[in-house]
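Working notes for the structure below.
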Amino acid sequence: MGSNDIGLMFGGLVIIGGVLILYLKGCDLGIEFFCRDSAADLEPTPEDLYPRERILTVMEYIANQVVADIDANTFLELGRDRLLELKSLLFDKYKNWMEDIAEFNDYRLSPLSGRALAKYSQLILDVARRSRIRLNPAGEALFRANLFAGSQNVGSLTPTRAMQVTQFY
């Protein structure tokens with residue numbers, strides 16, 4: 001090995017070491033290119049988690065959720081046929097309501113809030129009444145309280161308060 005080879009090897013090590021130092025400490029030195037994004041910048045936004053969907057996909061999701069909520073909030077054991085009848089009723093008589101809920105929720109499959117939650121609760125109460133299905137008192141109270149979701153004059157009964165009150169019955 002000649003002195004040229006040793007000089008090239010030493011120069012290469014100096015360059016690699018310098019790049020490594022820049023990579024690890026570049027942000028501390030004020031070089032913005034080497035700054036990594038913070039964890040907050042990497043967290044997905046609601047738009048990333050719940051992208052917009054086609055209207056039929058959202059309506060199918062809403063119909064399935066309505067049927068599941070009615071089934072979960074009744075003392076009856078609704079059979080598979082009865083649940084399919086409810087879903088058929090939703091697409092037959094309540095298509096416009098489900099379109100409104102989808103629009104209020106910006107055509108996303110995200111949890112409902114505000115006007116979408118109020119319309120959804122109204123839909124559940126109306127479908128249960130029309131189908132002659134009695135909801136349990138806690139479920140009915142929760143859906144009635146949700147009718148005021150998105151309202152500016154909520155009063156003393158909010159969905160959270162209704163959930164707390166109904167837990168004691």
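Scheme for the structure tokens: letters A, B, ... for chains in order shown; per-chain residue numbers from 1; ligand numbers from 1 in order shown.
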Once you count only C-alpha atoms, what closest atom pair and distance in Å to one decimal does each residue of region 50-112 of chain A within 9 Å of region 117-136 of chain A have, with rows by chain and rising residue number, as CSV?
residue,atom,partner,partner_atom,distance
A:Ile62,CA,A:Tyr120,CA,8.4
A:Val66,CA,A:Ile124,CA,6.2
A:Val67,CA,A:Ile124,CA,8.4
A:Asp69,CA,A:Ile124,CA,7.9
A:Ile70,CA,A:Ile124,CA,6.9
A:Asp71,CA,A:Leu135,CA,8.8
A:Ala72,CA,A:Leu135,CA,8.9
A:Asn73,CA,A:Leu135,CA,5.5
A:Thr74,CA,A:Leu135,CA,4.4
A:Phe75,CA,A:Asn136,CA,6.2
A:Leu76,CA,A:Ile133,CA,8.3
A:Leu86,CA,A:Ser131,CA,7.8
A:Leu89,CA,A:Val127,CA,8.1
A:Leu90,CA,A:Val127,CA,7.7
A:Tyr94,CA,A:Leu123,CA,7.9
A:Trp97,CA,A:Leu123,CA,7.2
A:Met98,CA,A:Tyr120,CA,7.9
A:Asp100,CA,A:Lys119,CA,7.8
A:Ile101,CA,A:Lys119,CA,6.3
A:Phe104,CA,A:Leu117,CA,8.8
A:Asn105,CA,A:Leu117,CA,8.6
A:Pro111,CA,A:Leu117,CA,8.6
A:Leu112,CA,A:Leu117,CA,5.0
Dump of C-alpha atoms for the selected residues, as a tab-separated table (two decimals), in the first residue's frame:
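File produced: out.tsv:
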chain	number	residue	atom	x	y	z
A	62	ILE	CA	-75.24	3.07	7.71
A	66	VAL	CA	-78.73	0.78	12.13
A	67	VAL	CA	-79.68	-2.90	12.07
A	69	ASP	CA	-77.83	-0.92	16.88
A	70	ILE	CA	-81.50	-1.90	16.87
A	71	ASP	CA	-80.57	-5.52	17.50
A	72	ALA	CA	-78.20	-4.56	20.33
A	73	ASN	CA	-80.69	-2.21	22.02
A	74	THR	CA	-83.73	-4.44	22.24
A	75	PHE	CA	-84.69	-7.17	24.66
A	76	LEU	CA	-85.87	-9.36	21.78
A	86	LEU	CA	-85.15	-4.21	8.61
A	89	LEU	CA	-87.08	-1.46	4.94
A	90	LEU	CA	-84.18	0.97	5.27
A	94	TYR	CA	-85.45	5.52	4.38
A	97	TRP	CA	-82.58	9.72	5.33
A	98	MET	CA	-79.46	7.61	4.82
A	100	ASP	CA	-78.74	12.89	4.40
A	101	ILE	CA	-76.69	11.12	7.09
A	104	PHE	CA	-73.81	15.30	6.96
A	105	ASN	CA	-70.87	12.96	7.66
A	111	PRO	CA	-67.95	7.96	13.76
A	112	LEU	CA	-71.05	10.12	13.56
Quick one: residues within 9 Å of Thr57 (chain A), only C-alpha atoms counted, chain neighbours fewer than 4 positions away excluded, as a list of chain:residue names?
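The residues satisfying every condition are A:Glu53, A:Tyr61, A:Ile62, A:Tyr107, A:Leu109.
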Just asking: which residues within chain A are strand (DSSP E or B) according to DSSP, as JSON, numbers by chain?
{"A": [52, 74, 108, 135]}
In Å to one decimal, how far is CA of Asp106 (chain A) from CA of Ala63 (chain A)?
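The value is 16.5 Å.
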Which value, in Å to one decimal, gives the distance between CA of Asn96 (chain A) and CA of Arg115 (chain A)?
14.7 Å
Go ahead and compute the interatomic distance for CA of Asp48 (chain A) and CA of Ser110 (chain A), in Å to one decimal.
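Going from CA of Asp48 (chain A) over to CA of Ser110 (chain A), I get 10.8 Å.
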A:Leu8, A:Leu49, A:Met59, A:Ala149: which is nearest Gly114 (chain A), counting only C-alpha atoms?
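Among A:Leu8, A:Leu49, A:Met59, A:Ala149, it is A:Ala149 that comes nearest to Gly114 (chain A).
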